[in-house]
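Everything below belongs to work04.cif, which stores mmCIF, C-alpha atoms.
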```cif
data_protein
loop_
_atom_site.group_PDB
_atom_site.id
_atom_site.type_symbol
_atom_site.label_atom_id
_atom_site.label_comp_id
_atom_site.auth_asym_id
_atom_site.auth_seq_id
_atom_site.Cartn_x
_atom_site.Cartn_y
_atom_site.Cartn_z
ATOM 1 C CA MET A 1 26.816 11.684 -7.725
ATOM 2 C CA ILE A 2 27.329 8.010 -6.866
ATOM 3 C CA LEU A 3 30.661 6.729 -5.551
ATOM 4 C CA VAL A 4 31.242 3.006 -6.144
ATOM 5 C CA THR A 5 33.979 1.232 -4.203
ATOM 6 C CA GLY A 6 35.601 -1.819 -5.766
ATOM 7 C CA GLY A 7 34.641 -0.233 -9.052
ATOM 8 C CA THR A 8 36.900 -2.400 -11.209
ATOM 9 C CA GLY A 9 35.381 -5.666 -9.969
ATOM 10 C CA PHE A 10 32.901 -8.150 -11.411
ATOM 11 C CA ILE A 11 29.591 -7.049 -9.908
ATOM 12 C CA ALA A 12 30.652 -3.396 -9.906
ATOM 13 C CA ALA A 13 31.038 -3.295 -13.688
ATOM 14 C CA HIS A 14 27.448 -4.472 -14.183
ATOM 15 C CA VAL A 15 26.143 -2.122 -11.480
ATOM 16 C CA GLN A 16 27.928 0.880 -13.004
ATOM 17 C CA ARG A 17 26.685 0.105 -16.491
ATOM 18 C CA ARG A 18 23.138 0.028 -15.185
ATOM 19 C CA LEU A 19 23.588 3.280 -13.283
ATOM 20 C CA LEU A 20 25.181 5.043 -16.244
ATOM 21 C CA ASN A 21 22.423 3.860 -18.574
ATOM 22 C CA ALA A 22 19.926 5.381 -16.128
ATOM 23 C CA GLY A 23 21.681 8.747 -16.343
ATOM 24 C CA HIS A 24 23.522 8.737 -13.018
ATOM 25 C CA GLU A 25 26.933 10.339 -12.590
ATOM 26 C CA VAL A 26 29.363 7.724 -11.248
ATOM 27 C CA ILE A 27 32.835 7.829 -9.733
ATOM 28 C CA ALA A 28 34.639 4.521 -9.222
ATOM 29 C CA THR A 29 37.319 3.799 -6.636
ATOM 30 C CA SER A 30 39.659 0.831 -6.563
ATOM 31 C CA ARG A 31 43.149 -0.305 -5.724
ATOM 32 C CA TYR A 32 43.407 -1.817 -9.217
ATOM 33 C CA ASP A 33 43.001 -0.897 -12.880
ATOM 34 C CA TYR A 34 39.959 -1.938 -14.889
ATOM 35 C CA ARG A 35 40.226 -5.505 -16.145
ATOM 36 C CA PRO A 36 39.488 -6.123 -19.855
ATOM 37 C CA GLU A 37 36.288 -7.964 -18.874
ATOM 38 C CA SER A 38 35.049 -4.974 -16.868
ATOM 39 C CA LEU A 39 35.783 -2.594 -19.740
ATOM 40 C CA PHE A 40 33.843 -4.895 -22.062
ATOM 41 C CA VAL A 41 30.827 -4.802 -19.727
ATOM 42 C CA LEU A 42 30.996 -1.027 -19.334
ATOM 43 C CA GLY A 43 31.234 -0.368 -23.046
ATOM 44 C CA PRO A 44 31.954 3.192 -24.204
ATOM 45 C CA ASN A 45 30.948 4.841 -20.913
ATOM 46 C CA VAL A 46 33.725 4.199 -18.419
ATOM 47 C CA PRO A 47 33.460 6.109 -15.114
ATOM 48 C CA ARG A 48 36.355 8.147 -13.796
ATOM 49 C CA LEU A 49 38.557 5.840 -11.709
ATOM 50 C CA GLU A 50 40.134 7.172 -8.532
ATOM 51 C CA ARG A 51 42.786 5.107 -6.777
ATOM 52 C CA ALA A 52 41.819 4.609 -3.140
ATOM 53 C CA ASP A 53 41.988 1.931 -0.474
ATOM 54 C CA PRO A 54 38.823 1.816 1.670
ATOM 55 C CA ARG A 55 40.875 0.384 4.530
ATOM 56 C CA ASP A 56 42.533 3.811 4.758
ATOM 57 C CA SER A 57 40.038 6.580 5.422
ATOM 58 C CA ASP A 58 42.701 9.189 4.605
ATOM 59 C CA SER A 59 42.767 7.967 0.997
ATOM 60 C CA LEU A 60 38.993 8.319 0.747
ATOM 61 C CA ARG A 61 38.438 11.612 2.568
ATOM 62 C CA PRO A 62 39.744 13.813 -0.303
ATOM 63 C CA LEU A 63 37.350 12.048 -2.680
ATOM 64 C CA PHE A 64 34.380 12.682 -0.401
ATOM 65 C CA ALA A 65 35.451 16.301 -0.047
ATOM 66 C CA ARG A 66 35.886 16.751 -3.809
ATOM 67 C CA TYR A 67 32.850 14.885 -5.144
ATOM 68 C CA ARG A 68 30.389 15.110 -2.214
ATOM 69 C CA PRO A 69 28.616 11.889 -3.265
ATOM 70 C CA ASP A 70 24.881 11.620 -2.683
ATOM 71 C CA THR A 71 25.148 7.827 -2.525
ATOM 72 C CA VAL A 72 27.947 5.362 -1.801
ATOM 73 C CA ILE A 73 27.740 1.811 -3.151
ATOM 74 C CA HIS A 74 30.201 -0.333 -1.239
ATOM 75 C CA LEU A 75 31.220 -3.334 -3.352
ATOM 76 C CA ASP A 76 34.887 -3.569 -2.379
ATOM 77 C CA ALA A 77 35.607 -6.650 -0.235
ATOM 78 C CA TYR A 78 37.912 -9.586 0.291
ATOM 79 C CA VAL A 79 35.670 -12.300 -1.114
ATOM 80 C CA ASN A 80 37.670 -15.499 -0.698
ATOM 81 C CA PRO A 81 35.855 -17.389 2.094
ATOM 82 C CA VAL A 82 38.366 -20.235 1.974
ATOM 83 C CA ALA A 83 41.356 -17.935 2.550
ATOM 84 C CA LEU A 84 39.538 -16.117 5.359
ATOM 85 C CA GLN A 85 38.522 -19.324 7.108
ATOM 86 C CA THR A 86 41.759 -19.244 9.110
ATOM 87 C CA ASP A 87 42.529 -15.523 8.845
ATOM 88 C CA PRO A 88 40.088 -13.539 11.003
ATOM 89 C CA LEU A 89 42.321 -10.470 11.175
ATOM 90 C CA ARG A 90 42.269 -10.098 7.398
ATOM 91 C CA ALA A 91 38.489 -10.486 7.395
ATOM 92 C CA VAL A 92 38.184 -7.641 9.891
ATOM 93 C CA GLU A 93 40.817 -5.469 8.198
ATOM 94 C CA TYR A 94 39.310 -5.694 4.732
ATOM 95 C CA ASN A 95 35.609 -6.295 5.194
ATOM 96 C CA VAL A 96 34.773 -4.628 8.506
ATOM 97 C CA MET A 97 37.142 -1.662 8.662
ATOM 98 C CA GLU A 98 36.371 -0.700 5.065
ATOM 99 C CA THR A 99 32.677 -0.513 5.894
ATOM 100 C CA MET A 100 33.359 1.368 9.119
ATOM 101 C CA ASN A 101 35.443 3.967 7.291
ATOM 102 C CA LEU A 102 32.772 4.507 4.651
ATOM 103 C CA LEU A 103 30.007 4.797 7.226
ATOM 104 C CA GLU A 104 31.992 7.376 9.160
ATOM 105 C CA LEU A 105 32.816 9.389 6.042
ATOM 106 C CA SER A 106 29.174 9.207 4.943
ATOM 107 C CA ARG A 107 28.171 10.619 8.323
ATOM 108 C CA GLU A 108 30.885 13.285 8.234
ATOM 109 C CA PHE A 109 30.076 14.543 4.729
ATOM 110 C CA GLY A 110 26.306 14.121 4.887
ATOM 111 C CA CYS A 111 26.112 11.425 2.225
ATOM 112 C CA GLY A 112 22.464 10.574 1.665
ATOM 113 C CA ARG A 113 22.645 6.799 1.363
ATOM 114 C CA LEU A 114 25.103 3.895 1.657
ATOM 115 C CA VAL A 115 24.288 0.670 -0.195
ATOM 116 C CA PHE A 116 26.287 -2.283 1.111
ATOM 117 C CA SER A 117 26.869 -5.588 -0.654
ATOM 118 C CA SER A 118 26.751 -8.330 1.955
ATOM 119 C CA SER A 119 26.280 -12.077 1.385
ATOM 120 C CA ILE A 120 23.963 -14.924 2.288
ATOM 121 C CA ALA A 121 27.033 -16.297 4.120
ATOM 122 C CA VAL A 122 25.870 -14.218 7.108
ATOM 123 C CA LEU A 123 23.187 -16.858 7.679
ATOM 124 C CA PRO A 124 23.628 -19.809 10.054
ATOM 125 C CA THR A 125 21.986 -23.177 9.433
ATOM 126 C CA ILE A 126 18.699 -22.435 7.684
ATOM 127 C CA GLN A 127 15.693 -22.611 9.990
ATOM 128 C CA TYR A 128 12.922 -22.189 7.418
ATOM 129 C CA GLU A 129 12.271 -21.520 3.748
ATOM 130 C CA PRO A 130 11.729 -19.335 1.872
ATOM 131 C CA ILE A 131 14.413 -17.325 3.664
ATOM 132 C CA ASP A 132 13.453 -13.724 4.369
ATOM 133 C CA ALA A 133 15.160 -10.794 6.085
ATOM 134 C CA ARG A 134 13.628 -11.870 9.395
ATOM 135 C CA HIS A 135 15.682 -15.062 9.405
ATOM 136 C CA PRO A 136 18.121 -14.977 12.363
ATOM 137 C CA ILE A 137 21.830 -14.634 11.733
ATOM 138 C CA VAL A 138 22.662 -15.883 15.244
ATOM 139 C CA LEU A 139 21.351 -19.104 16.800
ATOM 140 C CA PRO A 140 21.830 -20.333 20.382
ATOM 141 C CA THR A 141 24.657 -22.589 19.226
ATOM 142 C CA GLU A 142 26.112 -20.958 16.115
ATOM 143 C CA GLY A 143 26.711 -17.780 14.159
ATOM 144 C CA SER A 144 27.320 -17.042 10.499
ATOM 145 C CA GLY A 145 27.736 -20.136 8.370
ATOM 146 C CA GLY A 146 30.326 -18.503 6.138
ATOM 147 C CA GLY A 147 33.092 -18.569 8.743
ATOM 148 C CA PHE A 148 35.061 -15.373 9.188
ATOM 149 C CA TYR A 149 33.928 -14.150 5.772
ATOM 150 C CA GLY A 150 30.266 -14.402 6.724
ATOM 151 C CA THR A 151 31.010 -13.026 10.173
ATOM 152 C CA SER A 152 32.762 -9.974 8.732
ATOM 153 C CA LYS A 153 29.784 -9.291 6.483
ATOM 154 C CA ALA A 154 27.391 -9.678 9.413
ATOM 155 C CA MET A 155 29.484 -7.285 11.503
ATOM 156 C CA SER A 156 29.328 -4.756 8.679
ATOM 157 C CA GLU A 157 25.549 -5.090 8.477
ATOM 158 C CA LEU A 158 25.212 -4.463 12.210
ATOM 159 C CA LEU A 159 27.483 -1.423 12.013
ATOM 160 C CA GLY A 160 25.433 -0.016 9.157
ATOM 161 C CA LEU A 161 22.147 -0.475 10.982
ATOM 162 C CA ALA A 162 23.655 1.138 14.101
ATOM 163 C CA TYR A 163 24.794 4.151 12.048
ATOM 164 C CA ALA A 164 21.284 4.391 10.612
ATOM 165 C CA SER A 165 19.821 4.447 14.107
ATOM 166 C CA ALA A 166 22.408 6.709 15.775
ATOM 167 C CA PHE A 167 23.308 9.142 12.994
ATOM 168 C CA GLY A 168 20.623 8.824 10.347
ATOM 169 C CA VAL A 169 22.915 7.348 7.691
ATOM 170 C CA ASP A 170 20.487 5.764 5.234
ATOM 171 C CA PHE A 171 22.037 2.298 5.214
ATOM 172 C CA ARG A 172 20.787 -0.301 2.727
ATOM 173 C CA CYS A 173 22.018 -3.887 2.484
ATOM 174 C CA VAL A 174 21.727 -6.527 -0.224
ATOM 175 C CA ARG A 175 22.645 -10.177 0.319
ATOM 176 C CA PRO A 176 23.562 -11.829 -3.014
ATOM 177 C CA SER A 177 23.563 -15.588 -3.506
ATOM 178 C CA ALA A 178 26.017 -17.490 -5.771
ATOM 179 C CA VAL A 179 26.386 -14.727 -8.344
ATOM 180 C CA PHE A 180 27.572 -15.693 -11.805
ATOM 181 C CA GLY A 181 27.936 -14.156 -15.242
ATOM 182 C CA PHE A 182 30.430 -12.711 -17.655
ATOM 183 C CA GLY A 183 33.426 -11.139 -15.934
ATOM 184 C CA MET A 184 33.212 -13.252 -12.805
ATOM 185 C CA GLN A 185 36.456 -14.130 -11.062
ATOM 186 C CA TRP A 186 35.354 -16.550 -8.329
ATOM 187 C CA PRO A 187 34.494 -19.808 -10.139
ATOM 188 C CA ILE A 188 31.735 -21.386 -7.920
ATOM 189 C CA GLY A 189 31.521 -24.160 -10.508
ATOM 190 C CA ILE A 190 30.237 -21.957 -13.368
ATOM 191 C CA LYS A 191 33.116 -19.909 -14.783
ATOM 192 C CA PRO A 192 35.427 -22.765 -15.856
ATOM 193 C CA VAL A 193 32.496 -24.760 -17.225
ATOM 194 C CA ILE A 194 30.978 -22.118 -19.506
ATOM 195 C CA GLU A 195 34.254 -20.530 -20.581
ATOM 196 C CA ASN A 196 35.941 -23.870 -21.303
ATOM 197 C CA LEU A 197 33.019 -25.050 -23.403
ATOM 198 C CA VAL A 198 32.912 -21.796 -25.373
ATOM 199 C CA GLU A 199 36.613 -22.272 -26.090
ATOM 200 C CA GLY A 200 36.037 -25.887 -27.165
ATOM 201 C CA LYS A 201 37.778 -27.350 -24.122
ATOM 202 C CA PRO A 202 36.576 -30.131 -21.803
ATOM 203 C CA ALA A 203 34.592 -28.986 -18.776
ATOM 204 C CA VAL A 204 34.007 -30.712 -15.452
ATOM 205 C CA ILE A 205 31.125 -30.124 -13.060
ATOM 206 C CA ALA A 206 31.841 -31.025 -9.454
ATOM 207 C CA ARG A 207 29.691 -33.888 -8.227
ATOM 208 C CA HIS A 208 30.191 -32.961 -4.579
ATOM 209 C CA ALA A 209 29.006 -29.361 -4.590
ATOM 210 C CA PRO A 210 26.218 -27.773 -2.566
ATOM 211 C CA PRO A 211 22.956 -26.968 -4.333
ATOM 212 C CA ARG A 212 22.982 -23.267 -5.118
ATOM 213 C CA ASP A 213 20.641 -20.465 -6.087
ATOM 214 C CA TYR A 214 22.708 -19.534 -9.125
ATOM 215 C CA THR A 215 21.958 -15.824 -9.488
ATOM 216 C CA PRO A 216 22.695 -13.942 -12.724
ATOM 217 C CA VAL A 217 24.818 -10.863 -12.098
ATOM 218 C CA GLN A 218 22.243 -8.806 -13.998
ATOM 219 C CA ASP A 219 19.733 -9.490 -11.207
ATOM 220 C CA VAL A 220 22.174 -8.393 -8.515
ATOM 221 C CA ALA A 221 23.008 -5.209 -10.411
ATOM 222 C CA ALA A 222 19.299 -4.450 -10.762
ATOM 223 C CA VAL A 223 18.709 -4.809 -7.011
ATOM 224 C CA VAL A 224 21.716 -2.648 -6.104
ATOM 225 C CA ALA A 225 20.684 0.052 -8.582
ATOM 226 C CA ALA A 226 17.105 0.010 -7.293
ATOM 227 C CA LEU A 227 18.322 0.571 -3.728
ATOM 228 C CA VAL A 228 19.927 3.830 -4.858
ATOM 229 C CA ASP A 229 16.537 5.452 -5.462
ATOM 230 C CA CYS A 230 14.211 3.367 -3.311
ATOM 231 C CA PRO A 231 11.750 5.156 -0.984
ATOM 232 C CA PRO A 232 12.594 5.414 2.736
ATOM 233 C CA GLU A 233 10.015 2.820 3.765
ATOM 234 C CA THR A 234 11.728 0.083 1.725
ATOM 235 C CA ASP A 235 13.247 -2.742 3.787
ATOM 236 C CA ARG A 236 16.844 -2.011 4.753
ATOM 237 C CA VAL A 237 17.955 -5.625 4.162
ATOM 238 C CA VAL A 238 17.009 -7.503 0.984
ATOM 239 C CA TYR A 239 18.267 -10.504 -0.954
ATOM 240 C CA ALA A 240 19.510 -10.859 -4.512
ATOM 241 C CA GLY A 241 18.628 -14.301 -5.782
ATOM 242 C CA THR A 242 16.241 -16.070 -8.110
ATOM 243 C CA GLY A 243 13.615 -17.083 -5.566
ATOM 244 C CA ARG A 244 13.599 -20.509 -7.185
ATOM 245 C CA ALA A 245 14.574 -23.891 -5.759
ATOM 246 C CA LEU A 246 18.299 -24.570 -5.450
ATOM 247 C CA VAL A 247 20.067 -26.221 -8.371
ATOM 248 C CA SER A 248 21.941 -29.477 -7.752
ATOM 249 C CA SER A 249 25.064 -30.642 -9.577
ATOM 250 C CA ASP A 250 23.009 -33.166 -11.543
ATOM 251 C CA GLU A 251 20.580 -30.470 -12.657
ATOM 252 C CA LEU A 252 23.437 -28.170 -13.616
ATOM 253 C CA LEU A 253 25.026 -30.968 -15.651
ATOM 254 C CA ARG A 254 21.798 -31.674 -17.553
ATOM 255 C CA THR A 255 21.276 -27.965 -18.259
ATOM 256 C CA VAL A 256 24.811 -27.464 -19.550
ATOM 257 C CA GLN A 257 24.712 -30.629 -21.676
ATOM 258 C CA ALA A 258 21.507 -29.410 -23.307
ATOM 259 C CA LEU A 259 23.089 -26.034 -24.086
ATOM 260 C CA PHE A 260 26.321 -27.569 -25.411
ATOM 261 C CA PRO A 261 25.214 -30.876 -27.019
ATOM 262 C CA ASP A 262 28.566 -31.259 -28.768
ATOM 263 C CA GLY A 263 30.625 -30.175 -25.757
ATOM 264 C CA ASP A 264 32.830 -32.433 -23.652
ATOM 265 C CA VAL A 265 31.254 -31.932 -20.226
ATOM 266 C CA THR A 266 31.469 -34.553 -17.497
ATOM 267 C CA MET A 267 30.929 -34.954 -13.765
ATOM 268 C CA GLY A 268 34.026 -34.981 -11.572
ATOM 269 C CA ASP A 269 34.695 -36.006 -7.987
ATOM 270 C CA GLU A 270 36.127 -32.688 -6.779
ATOM 271 C CA ALA A 271 34.562 -31.558 -3.506
ATOM 272 C CA LEU A 272 33.665 -27.877 -3.655
ATOM 273 C CA ASP A 273 32.318 -27.898 -0.096
ATOM 274 C CA PRO A 274 34.394 -30.565 1.668
ATOM 275 C CA THR A 275 33.217 -29.590 5.173
ATOM 276 C CA GLY A 276 29.567 -29.381 4.189
ATOM 277 C CA VAL A 277 29.250 -25.986 5.866
ATOM 278 C CA GLU A 278 28.198 -24.063 2.771
ATOM 279 C CA SER A 279 25.208 -26.324 2.249
ATOM 280 C CA ASN A 280 23.836 -25.369 5.664
ATOM 281 C CA TYR A 281 23.238 -21.692 4.895
ATOM 282 C CA ARG A 282 21.815 -22.030 1.402
ATOM 283 C CA GLY A 283 18.124 -22.261 0.654
ATOM 284 C CA MET A 284 15.268 -20.842 -1.389
ATOM 285 C CA LEU A 285 15.056 -17.077 -0.915
ATOM 286 C CA ASP A 286 11.964 -14.950 -0.465
ATOM 287 C CA MET A 287 12.233 -12.396 -3.252
ATOM 288 C CA GLY A 288 8.801 -10.908 -2.561
ATOM 289 C CA PRO A 289 10.099 -7.619 -1.080
ATOM 290 C CA VAL A 290 12.447 -7.093 -4.027
ATOM 291 C CA ARG A 291 9.617 -7.651 -6.494
ATOM 292 C CA THR A 292 6.987 -5.554 -4.693
ATOM 293 C CA GLN A 293 9.072 -2.812 -3.043
ATOM 294 C CA LEU A 294 11.838 -2.359 -5.608
ATOM 295 C CA GLY A 295 10.010 -3.499 -8.735
ATOM 296 C CA VAL A 296 12.916 -5.725 -9.795
ATOM 297 C CA ARG A 297 12.021 -8.721 -11.951
ATOM 298 C CA PRO A 298 14.379 -11.544 -12.992
ATOM 299 C CA ALA A 299 16.435 -10.805 -16.083
ATOM 300 C CA PHE A 300 16.027 -14.395 -17.308
ATOM 301 C CA ASP A 301 13.224 -16.908 -17.020
ATOM 302 C CA SER A 302 15.541 -19.870 -16.410
ATOM 303 C CA LEU A 303 19.083 -20.892 -15.534
ATOM 304 C CA ALA A 304 19.512 -22.090 -19.124
ATOM 305 C CA ALA A 305 18.704 -18.614 -20.470
ATOM 306 C CA ALA A 306 21.164 -16.968 -18.076
ATOM 307 C CA LEU A 307 23.938 -19.423 -18.971
ATOM 308 C CA THR A 308 23.259 -18.819 -22.651
ATOM 309 C CA ALA A 309 23.680 -15.067 -22.143
ATOM 310 C CA TYR A 310 26.961 -15.682 -20.293
ATOM 311 C CA ALA A 311 28.240 -17.842 -23.153
ATOM 312 C CA GLU A 312 27.216 -15.230 -25.745
ATOM 313 C CA ASP A 313 28.965 -12.458 -23.846
ATOM 314 C CA TYR A 314 32.115 -14.527 -23.515
ATOM 315 C CA ARG A 315 32.116 -15.357 -27.246
ATOM 316 C CA ALA A 316 31.739 -11.666 -28.047
ATOM 317 C CA PHE A 317 34.548 -10.791 -25.664
ATOM 318 C CA LEU A 318 36.882 -13.363 -27.227
ATOM 319 C CA GLY A 319 35.973 -12.093 -30.683
ATOM 320 C CA ARG A 320 36.807 -8.550 -29.757
ATOM 321 C CA ALA A 321 40.017 -9.568 -27.973
ATOM 322 C CA GLY A 322 41.071 -11.593 -31.014
#
```

Can you dump the structure from the file as structure tokens?
Amino acid sequence: MILVTGGTGFIAAHVQRRLLNAGHEVIATSRYDYRPESLFVLGPNVPRLERADPRDSDSLRPLFARYRPDTVIHLDAYVNPVALQTDPLRAVEYNVMETMNLLELSREFGCGRLVFSSSIAVLPTIQYEPIDARHPIVLPTEGSGGGFYGTSKAMSELLGLAYASAFGVDFRCVRPSAVFGFGMQWPIGIKPVIENLVEGKPAVIARHAPPRDYTPVQDVAAVVAALVDCPPETDRVVYAGTGRALVSSDELLRTVQALFPDGDVTMGDEALDPTGVESNYRGMLDMGPVRTQLGVRPAFDSLAAALTAYAEDYRAFLGRAG
């Protein structure tokens, strides 16, 4: 039995579909109902949804007692770095206390493994590339580059590793990078572009945006699912990215124009990273451990192929909704 928190969210829908296709029994928890996009991703097999708030351990304890999950996949989080930049208490309340509650319940009920979705925002200014799990998250003059969001994720990682050491909770952590795909809610420059063009609307790519390792959600779901059954000797902290060089705004523009030759797509002057902070903690990721230890290979051979799949899924979704 696998319990997935944040089960109605973007990444969670793809993770659950992969788990269900592999024959796992899944229970989802969330504060919200399934969105139409999530139901489209899940298809005919929709896990039982239990209303629970991970910030409140009392709302989760009955579920642990009833289902006795073998594995917990913790995907619930407050994922708006901009909003959390000046709201540290919310970052701790949502992202740290949720993880703490789940770790404690996993210890209490003897849950075999907890898989935690972190972020590359835990990283400070990049010291070397390709970035591996040995890269420091604290430097002599700075901490996490993702502000209070990145800090809250880093705190959760440290708590998980401490629970692994002190209580034997089998904590596993994945750090995704710039995830995109059908069902996404946070735009990061991809959602409005692809969905507008599919709908025949103009699309604008931000000129002043940090280069990113645009990671298809299918790759993240594959890494998370692999951590459910990975052997004990597997690294506790891994990344979910492409392992390729970062993609600039100019490269993204050329790729999108080639995919939508008749589309109205231009470059705009919006600044997606006005402080320049986000650019500091992004870089090419070392995906060697994921390939060799988990056996996960990229779902697509290029960004163009992944964007094409996103567009096809969105067309299908619109067709079904219509």

Closest-contact table, segment 71-124 of chain A side, partner segment 48-61 of chain A, 9 Å, counting only C-alpha atoms, as JSON lines:
```
{"residue": "A:Asp76", "atom": "CA", "partner": "A:Pro54", "partner_atom": "CA", "distance": 7.8}
{"residue": "A:Glu93", "atom": "CA", "partner": "A:Arg55", "partner_atom": "CA", "distance": 6.9}
{"residue": "A:Tyr94", "atom": "CA", "partner": "A:Arg55", "partner_atom": "CA", "distance": 6.3}
{"residue": "A:Asn95", "atom": "CA", "partner": "A:Arg55", "partner_atom": "CA", "distance": 8.5}
{"residue": "A:Val96", "atom": "CA", "partner": "A:Arg55", "partner_atom": "CA", "distance": 8.8}
{"residue": "A:Met97", "atom": "CA", "partner": "A:Arg55", "partner_atom": "CA", "distance": 5.9}
{"residue": "A:Glu98", "atom": "CA", "partner": "A:Arg55", "partner_atom": "CA", "distance": 4.7}
{"residue": "A:Thr99", "atom": "CA", "partner": "A:Pro54", "partner_atom": "CA", "distance": 7.8}
{"residue": "A:Met100", "atom": "CA", "partner": "A:Arg55", "partner_atom": "CA", "distance": 8.9}
{"residue": "A:Asn101", "atom": "CA", "partner": "A:Ser57", "partner_atom": "CA", "distance": 5.6}
{"residue": "A:Leu102", "atom": "CA", "partner": "A:Pro54", "partner_atom": "CA", "distance": 7.3}
{"residue": "A:Glu104", "atom": "CA", "partner": "A:Ser57", "partner_atom": "CA", "distance": 8.9}
{"residue": "A:Leu105", "atom": "CA", "partner": "A:Arg61", "partner_atom": "CA", "distance": 7.0}
```

Next item on the list: Starting from the displayed file, determine the output of the PyMOL selection byres ((chain A and resi 267) around 8) and express the residue list as a list in words.
Entry: Val204, Ile205, Ala206, Arg207, Leu253, Val265, Thr266, Gly268 and Asp269 of chain A

Expected residue set, 12 Å radius at (24.3, 16.0, 7.3), all atoms listed in the file, as a PDB file with C-alpha atoms, keeping the file's coordinate frame:
```pdb
ATOM      1  CA  ARG A  68      30.389  15.110  -2.214  1.00  0.00           C
ATOM      2  CA  ASP A  70      24.881  11.620  -2.683  1.00  0.00           C
ATOM      3  CA  GLU A 104      31.992   7.376   9.160  1.00  0.00           C
ATOM      4  CA  LEU A 105      32.816   9.389   6.042  1.00  0.00           C
ATOM      5  CA  SER A 106      29.174   9.207   4.943  1.00  0.00           C
ATOM      6  CA  ARG A 107      28.171  10.619   8.323  1.00  0.00           C
ATOM      7  CA  GLU A 108      30.885  13.285   8.234  1.00  0.00           C
ATOM      8  CA  PHE A 109      30.076  14.543   4.729  1.00  0.00           C
ATOM      9  CA  GLY A 110      26.306  14.121   4.887  1.00  0.00           C
ATOM     10  CA  CYS A 111      26.112  11.425   2.225  1.00  0.00           C
ATOM     11  CA  GLY A 112      22.464  10.574   1.665  1.00  0.00           C
ATOM     12  CA  ARG A 113      22.645   6.799   1.363  1.00  0.00           C
ATOM     13  CA  PHE A 167      23.308   9.142  12.994  1.00  0.00           C
ATOM     14  CA  GLY A 168      20.623   8.824  10.347  1.00  0.00           C
ATOM     15  CA  VAL A 169      22.915   7.348   7.691  1.00  0.00           C
ATOM     16  CA  ASP A 170      20.487   5.764   5.234  1.00  0.00           C
TER      17      ASP A 170
END
```

Item checked: Which residue of A:Arg320, A:His208, A:Arg282, A:Arg236 approaches Glu270 of chain A most closely, using only C-alpha atoms ->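 The closest residue to Glu270 of chain A is A:His208.
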
Notebook entry, point to check: Which residues match the PyMOL selection byres ((chain A and resi 184) around 10) in the file above, as a PyMOL selection string?
Noted result: chain A and resi 9-11+37-38+179-183+185-188+190-191+217

Check: Could you state the separation of atom CA of Ser152 of chain A and atom CA of Arg90 of chain A in Å, given to one decimal place?
Finding: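 These two atoms are separated by 9.6 Å.
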
Margin query: Which residues, named as in the file, does the PyMOL selection byres ((chain A and resi 301) around 12) pick out? Answer as a PyMOL selection string.
Written below: chain A and resi 215-216+219+242-244+297-300+302-309

Next item on the list: Measuring atom to atom with only C-alpha atoms, identify which of A:Ala154, A:Leu39, A:Cys230, A:Leu318 is nearest to Ala91 of chain A.
Entry: A:Ala154

Next item on the list: Fewer than 5 positions away in the same chain doesn't count, so skip those; otherwise give me all residues within 7 Å of Asp213 of chain A, counting all atoms listed in the file, as a ChimeraX atom specification.
Entry: /A:177-178,241-242,245-247

Would you compute an axis-aligned box for segment 97-109 of chain A, covering every atom listed for it in the file with 3 Å of margin on each side, and report centre and edge lengths in Å to one decimal as AutoDock Vina command-line options?
```
--center_x 32.7 --center_y 6.4 --center_z 6.9 --size_x 15.0 --size_y 22.2 --size_z 10.5
```

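Nearest-residue note for Ala164 of chain A: choosing from A:Arg31, A:Arg17, A:Met287, A:Pro232, the minimum distance belongs to A:Pro232, counting only C-alpha atoms.
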
Note to self: My list of candidates is A:Arg18, A:Arg66, A:His74, A:His24. Which is closest to Val174 of chain A when distances are computed with all atoms listed in the file?
What the structure shows: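 Among the listed residues, the smallest separation from Val174 of chain A belongs to A:His74.
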
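Rounded to one decimal, atom CA of Tyr281 of chain A and atom CA of Glu195 of chain A lie 27.8 Å from each other.
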
Surrounding residues of Pro289 of chain A excluding itself and chain neighbours under 5 positions, 10 Å, all atoms listed in the file, as a short mmCIF file (atom, residue, chain, number, x, y, z; two decimals) with C-alpha atoms, keeping the file's coordinate frame:
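File selection15.cif, as written:
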```
data_model
loop_
_atom_site.label_atom_id
_atom_site.label_comp_id
_atom_site.auth_asym_id
_atom_site.auth_seq_id
_atom_site.Cartn_x
_atom_site.Cartn_y
_atom_site.Cartn_z
CA ASP A 132 13.45 -13.72 4.37
CA ALA A 133 15.16 -10.79 6.08
CA THR A 234 11.73 0.08 1.72
CA ASP A 235 13.25 -2.74 3.79
CA VAL A 237 17.95 -5.62 4.16
CA VAL A 238 17.01 -7.50 0.98
CA TYR A 239 18.27 -10.50 -0.95
CA LEU A 294 11.84 -2.36 -5.61
CA GLY A 295 10.01 -3.50 -8.74
CA VAL A 296 12.92 -5.72 -9.80
#
```

Next item on the list: Would you mind reading off the distance between atom CA of Glu25 of chain A and atom CA of Ala77 of chain A, one decimal, in Å?
Entry: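 Rounded to one decimal, the two atoms are 22.7 Å apart.
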
Check: Taking all atoms listed in the file into account, which of A:Val122, A:Val46, A:Val220, A:Ala203 comes nearest Asn21 of chain A?
Finding: A:Val46

Note to self: I need every residue sitting at most 9 Å from the point (34.3, -8.2, -26.4) (coordinates as in the file, all atoms listed in the file considered), written as a list in words.
What the structure shows: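 Taken together, the residues in range are Pro36, Glu37, Leu39, Phe40, Val41, Asp313, Tyr314, Arg315, Ala316, Phe317, Leu318, Gly319, Arg320, Ala321 and Gly322 of chain A.
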
Check: Using only C-alpha atoms, which of the listed residues (A:Ala28, A:Val82, A:Ala311, A:Ile73) sits closest to Gly200 of chain A?
Finding: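 Going through A:Ala28, A:Val82, A:Ala311, A:Ile73 one by one, the smallest distance to Gly200 of chain A is for A:Ala311.
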